[in-house]
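Asker: I'd like to ask some things about the structure below.
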Amino acid sequence: MKNRKVPSLNQRIRGDIEGCILSGEWAPGFRIPYEHELMAQYGCSRMTVNKVLTALAESGMIERRRRAGSFVARQPPHLEQVALEIPDIALAVNERGHRYGFRLLERQLRRADAAAPEELRLVGEGELLAMRCLHLADDRPLALERRLINPEAVPETLAVDFSTHAPGSWLLQNVSWTRGQHRISAVAATAAEAALLEVPVGTACLVIDRQTWRGEMPITWVRQKFLGDAYDLVARFAPGNKL
């Protein structure tokens, strides 16, 4: 049996730094120890440390700033969602080191549109609260949202100022639900959507249609259109799951 190869000093230093970043011990924006601190810690030359930091910077894991040092890189506003979970977009953006923003584009309390199946499924011919929103990361558009809420299920929403509270975040924090349904598709941004998202017409978008219920009472329906390069849908499973 062959002896296991001992990692080089370069590999050990890089592995230690990567481990601190990937474990979350060093969050985005954290200043990595200065070169002379790493030299003292590992008993190595400045050239060795510099090679490791250069490789990490080229991989996008750290940022090197002249005269300031090296810092854990802020990841792009690229969201992952476990397929059976409902994400809080504001929380997801902030956790990745970005500044979340939100704009309420439209809010109406009106009767359901008989030509819109999603509205009839939610409230029949009754009233609904309809909103259009824009989610942002670092002041850049991330996703468009069309949200419908059943006031019979959640009457307190009529008094909420959704110009300052993203409806999805508010619902997750204040309303319990027992089941939900996702539908995932892909579309090209229309001219109106492209203008709001600040991208060319026809840009690929990932669409999530979702409805939630409490028992048999529909709560909300939402369609979220994410820029295609800013969203991953992730499903996790274990070896014991049946295919």
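Ordering of the structure tokens sets the chain letters (A, B, ...), residue numbers begin anew at 1 in every chain, and ligands are numbered from 1 in the order given.
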From a DSSP calculation on the backbone, collect every residue of segment 57-216 of chain A in helix (DSSP H, G or I) and output the set as a ChimeraX atom specification.
Answerer: /A:57-58,89-95,117-123,155-159,167-174,191-197
Asker: Using 12 Å as the limit and counting only C-alpha atoms, can you tabulate each residue of segment 122-171 of chain A that touches segment 183-200 of chain A, with its shortest atom-to-atom distance in Å and the two atoms involved, as JSON lines?
Answerer:
```
{"residue": "A:Arg132", "atom": "CA", "partner": "A:Leu196", "partner_atom": "CA", "distance": 11.4}
{"residue": "A:Cys133", "atom": "CA", "partner": "A:Leu196", "partner_atom": "CA", "distance": 10.2}
{"residue": "A:Leu134", "atom": "CA", "partner": "A:Leu196", "partner_atom": "CA", "distance": 7.9}
{"residue": "A:His135", "atom": "CA", "partner": "A:Leu197", "partner_atom": "CA", "distance": 9.4}
{"residue": "A:Leu136", "atom": "CA", "partner": "A:Leu197", "partner_atom": "CA", "distance": 9.2}
{"residue": "A:Ala137", "atom": "CA", "partner": "A:Leu197", "partner_atom": "CA", "distance": 11.6}
{"residue": "A:Asp139", "atom": "CA", "partner": "A:Leu197", "partner_atom": "CA", "distance": 11.1}
{"residue": "A:Arg140", "atom": "CA", "partner": "A:Leu197", "partner_atom": "CA", "distance": 8.1}
{"residue": "A:Pro141", "atom": "CA", "partner": "A:Leu197", "partner_atom": "CA", "distance": 5.1}
{"residue": "A:Leu142", "atom": "CA", "partner": "A:Leu197", "partner_atom": "CA", "distance": 7.0}
{"residue": "A:Ala143", "atom": "CA", "partner": "A:Leu197", "partner_atom": "CA", "distance": 7.2}
{"residue": "A:Leu144", "atom": "CA", "partner": "A:Leu197", "partner_atom": "CA", "distance": 7.5}
{"residue": "A:Glu145", "atom": "CA", "partner": "A:Glu193", "partner_atom": "CA", "distance": 10.5}
{"residue": "A:Arg146", "atom": "CA", "partner": "A:Glu193", "partner_atom": "CA", "distance": 11.7}
```
Asker: Take the residues from that selection and write them out as a CSV table (one decimal), in the first residue's frame, keeping N, CA, C and O atoms.
Answerer:
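File written: result-v9.csv
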```csv
chain,number,residue,atom,x,y,z
A,132,ARG,N,-47.0,44.3,-7.2
A,132,ARG,CA,-45.8,44.0,-8.1
A,132,ARG,C,-44.6,44.7,-7.4
A,132,ARG,O,-44.7,45.8,-6.9
A,133,CYS,N,-43.5,43.9,-7.3
A,133,CYS,CA,-42.3,44.3,-6.6
A,133,CYS,C,-41.1,44.1,-7.4
A,133,CYS,O,-41.0,43.3,-8.3
A,134,LEU,N,-40.0,44.8,-6.9
A,134,LEU,CA,-38.7,44.6,-7.5
A,134,LEU,C,-37.7,44.4,-6.4
A,134,LEU,O,-37.6,45.2,-5.5
A,135,HIS,N,-37.0,43.3,-6.4
A,135,HIS,CA,-35.9,43.0,-5.5
A,135,HIS,C,-34.6,43.4,-6.0
A,135,HIS,O,-34.3,43.2,-7.2
A,136,LEU,N,-33.7,43.9,-5.1
A,136,LEU,CA,-32.4,44.4,-5.6
A,136,LEU,C,-31.3,43.9,-4.6
A,136,LEU,O,-31.6,43.6,-3.5
A,137,ALA,N,-30.1,43.8,-5.2
A,137,ALA,CA,-28.9,43.5,-4.4
A,137,ALA,C,-27.9,44.6,-4.8
A,137,ALA,O,-27.5,44.7,-5.9
A,139,ASP,N,-28.3,47.7,-4.9
A,139,ASP,CA,-29.0,48.7,-5.7
A,139,ASP,C,-29.1,48.2,-7.2
A,139,ASP,O,-29.5,49.0,-8.0
A,140,ARG,N,-28.8,46.9,-7.5
A,140,ARG,CA,-29.0,46.4,-8.8
A,140,ARG,C,-30.2,45.4,-8.8
A,140,ARG,O,-30.3,44.6,-7.9
A,141,PRO,N,-31.0,45.5,-9.9
A,141,PRO,CA,-32.2,44.6,-9.9
A,141,PRO,C,-31.8,43.1,-9.9
A,141,PRO,O,-30.8,42.7,-10.5
A,142,LEU,N,-32.5,42.3,-9.1
A,142,LEU,CA,-32.3,40.9,-9.0
A,142,LEU,C,-33.5,40.1,-9.5
A,142,LEU,O,-33.3,39.1,-10.1
A,143,ALA,N,-34.7,40.5,-9.1
A,143,ALA,CA,-35.9,39.7,-9.5
A,143,ALA,C,-37.1,40.6,-9.5
A,143,ALA,O,-37.2,41.6,-8.7
A,144,LEU,N,-38.1,40.3,-10.3
A,144,LEU,CA,-39.4,40.9,-10.3
A,144,LEU,C,-40.4,39.9,-9.6
A,144,LEU,O,-40.2,38.7,-9.7
A,145,GLU,N,-41.3,40.5,-8.9
A,145,GLU,CA,-42.3,39.6,-8.2
A,145,GLU,C,-43.7,40.2,-8.4
A,145,GLU,O,-44.0,41.3,-8.4
A,146,ARG,N,-44.6,39.2,-8.7
A,146,ARG,CA,-46.0,39.5,-8.8
A,146,ARG,C,-46.7,38.7,-7.6
A,146,ARG,O,-46.6,37.5,-7.6
```
Asker: When you count only C-alpha atoms, which of these residues is closest to Cys20 of chain A: A:Cys205, A:Cys44, A:Val72, A:Leu120?
Answerer: A:Val72
Asker: Mind listing the strand (DSSP E or B) residues of segment 159-232 of chain A, per DSSP on the backbone, as a count of residues only?
Answerer: 34
Asker: Which one of A:Gly124, A:Gly97, A:Pro33, A:Pro87 sits closest to Trp170 of chain A if you count only C-alpha atoms?
Answerer: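 Closest to Trp170 of chain A, using only C-alpha atoms: A:Pro87.
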Asker: Tell me, in Å to one decimal, how far atom CA of Ser45 of chain A is from atom CA of Ile21 of chain A.
Answerer: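 Distance between the two atoms: 22.9 Å.
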Asker: Just give me the gap between atom CA of Trp221 of chain A and atom CA of Pro155 of chain A in Å, one decimal is fine.
Answerer: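 According to the coordinates, atom CA of Trp221 of chain A and atom CA of Pro155 of chain A are separated by 15.5 Å.
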Asker: I want to know what sits within 9 Å of Val52 of chain A, based on only C-alpha atoms, with residues of the same chain fewer than 4 positions away left out; could you give that as JSON, numbers by chain?
Answerer: {"A": [10, 11, 13, 14, 47, 48, 56, 57]}
Asker: Which residue, A:Ile219, A:Leu206, A:Ile86, A:Leu104, has the smallest gap to His182 of chain A when you use only C-alpha atoms?
Answerer: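 Nearest to His182 of chain A: A:Ile86.
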Asker: Any idea what's packed within 10 Å of Asn94 of chain A, counting only C-alpha atoms, ignoring anything in its chain fewer than 4 positions away? Could you give it as a list in words?
Answerer: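 Selected residues are Pro77, Ile89, Ala90, His98, Arg99, Tyr100, Gly101, Ala137 and Asp138 of chain A.
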Asker: Can you list, as a list in words, every protein, DNA or RNA residue that comes within 12 Å of Met61 of chain A when you count only C-alpha atoms, leaving out same-chain residues fewer than 5 positions away?
Answerer: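 My reading of the contact set: Arg14, Ile17, Glu18, Gly19, Cys20, Ile21, Leu22, Trp26, Ala27, Pro28, Gly29, Phe30, Ile32, Val52, Leu53, Thr54, Ala55, Leu56, Ser70, Phe71, Val72, Ala73, Arg74, Gln75 and Pro76 of chain A.
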Asker: Write out, as a PDB file, in the first residue's frame, the residues just selected, with C-alpha atoms.
Answerer:
```
ATOM      1  CA  ARG A  14      -4.205  27.414   1.194  1.00  0.00           C
ATOM      2  CA  ILE A  17      -7.447  29.601   4.637  1.00  0.00           C
ATOM      3  CA  GLU A  18     -10.058  27.973   2.415  1.00  0.00           C
ATOM      4  CA  GLY A  19     -11.333  25.989   5.396  1.00  0.00           C
ATOM      5  CA  CYS A  20     -11.862  29.153   7.452  1.00  0.00           C
ATOM      6  CA  ILE A  21     -13.755  30.780   4.570  1.00  0.00           C
ATOM      7  CA  LEU A  22     -15.924  27.818   3.564  1.00  0.00           C
ATOM      8  CA  TRP A  26     -14.207  34.102   8.122  1.00  0.00           C
ATOM      9  CA  ALA A  27     -17.226  35.907   6.690  1.00  0.00           C
ATOM     10  CA  PRO A  28     -17.274  38.020   3.488  1.00  0.00           C
ATOM     11  CA  GLY A  29     -15.256  41.192   4.120  1.00  0.00           C
ATOM     12  CA  PHE A  30     -13.133  39.597   6.874  1.00  0.00           C
ATOM     13  CA  ILE A  32      -7.163  37.782   6.299  1.00  0.00           C
ATOM     14  CA  VAL A  52      -0.942  31.260  -1.925  1.00  0.00           C
ATOM     15  CA  LEU A  53      -2.762  34.590  -1.676  1.00  0.00           C
ATOM     16  CA  THR A  54      -2.359  35.219  -5.403  1.00  0.00           C
ATOM     17  CA  ALA A  55      -3.874  31.798  -6.203  1.00  0.00           C
ATOM     18  CA  LEU A  56      -6.800  32.446  -3.846  1.00  0.00           C
ATOM     19  CA  SER A  70      -6.428  40.682   1.723  1.00  0.00           C
ATOM     20  CA  PHE A  71     -10.131  40.171   2.446  1.00  0.00           C
ATOM     21  CA  VAL A  72     -12.641  37.363   2.044  1.00  0.00           C
ATOM     22  CA  ALA A  73     -14.446  38.122  -1.218  1.00  0.00           C
ATOM     23  CA  ARG A  74     -18.104  39.019  -1.241  1.00  0.00           C
ATOM     24  CA  GLN A  75     -19.932  36.412  -3.280  1.00  0.00           C
ATOM     25  CA  PRO A  76     -22.113  37.653  -6.144  1.00  0.00           C
TER      26      PRO A  76
END
```
Asker: In terms of the shortest atom-to-atom distance over only C-alpha atoms, which of A:Trp213, A:Phe102, A:Leu172, A:Tyr42 is closest to Ser8 of chain A?
Answerer: A:Tyr42
Asker: If you count only C-alpha atoms, which residues fall within 7 Å of Arg223 of chain A, apart from same-chain ones fewer than 4 positions away, as a list in words?
Answerer: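 The residues that qualify are Glu145, Arg146, Arg147, Val207, Ile208, Asp209 and Arg210 of chain A.
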Asker: Kindly indicate which residue among A:Arg214, A:Arg46, A:Arg31, A:His36 lies nearest to Arg64 of chain A, using only C-alpha atoms for the distances.
Answerer: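 Between A:Arg214, A:Arg46, A:Arg31, A:His36, the residue approaching Arg64 of chain A most closely is A:Arg31.
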Asker: Would you list the contacts of Leu122 of chain A as a list in words, taking every protein, DNA or RNA residue within 9 Å and counting only C-alpha atoms, but skipping same-chain residues closer than 4 positions in sequence?
Answerer: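 Everything that qualifies: Ala112, Pro117, Glu118, Gly126, Leu128, Leu148, Ile149, Asn150, Gln211, Met217, Pro218, Ile219, Thr220 and Trp221 of chain A.
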Asker: Can you spit out the residues from that selection as an mmCIF file, in the first residue's frame, using C-alpha atoms?
Answerer:
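Result saved to result.cif:
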```cif
data_model
loop_
_atom_site.group_PDB
_atom_site.id
_atom_site.type_symbol
_atom_site.label_atom_id
_atom_site.label_comp_id
_atom_site.auth_asym_id
_atom_site.auth_seq_id
_atom_site.Cartn_x
_atom_site.Cartn_y
_atom_site.Cartn_z
ATOM 1 C CA ALA A 112 -60.221 38.661 -8.861
ATOM 2 C CA PRO A 117 -56.728 31.129 -13.229
ATOM 3 C CA GLU A 118 -54.242 31.815 -10.422
ATOM 4 C CA GLY A 126 -63.696 37.475 -4.080
ATOM 5 C CA LEU A 128 -57.481 39.901 -3.321
ATOM 6 C CA LEU A 148 -51.395 37.882 -4.701
ATOM 7 C CA ILE A 149 -52.639 37.551 -1.104
ATOM 8 C CA ASN A 150 -55.968 36.216 0.102
ATOM 9 C CA GLN A 211 -48.836 28.880 -3.873
ATOM 10 C CA MET A 217 -57.391 27.883 2.873
ATOM 11 C CA PRO A 218 -55.184 29.449 0.134
ATOM 12 C CA ILE A 219 -52.876 32.115 1.564
ATOM 13 C CA THR A 220 -50.804 33.536 -1.261
ATOM 14 C CA TRP A 221 -49.682 33.002 -4.843
#
```
Asker: Pick from A:Glu95, A:Gly215, A:Val123, A:Leu171: nearest to Glu156 of chain A, with only C-alpha atoms counted?
Answerer: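 Among the listed residues, A:Leu171 lies closest to Glu156 of chain A.
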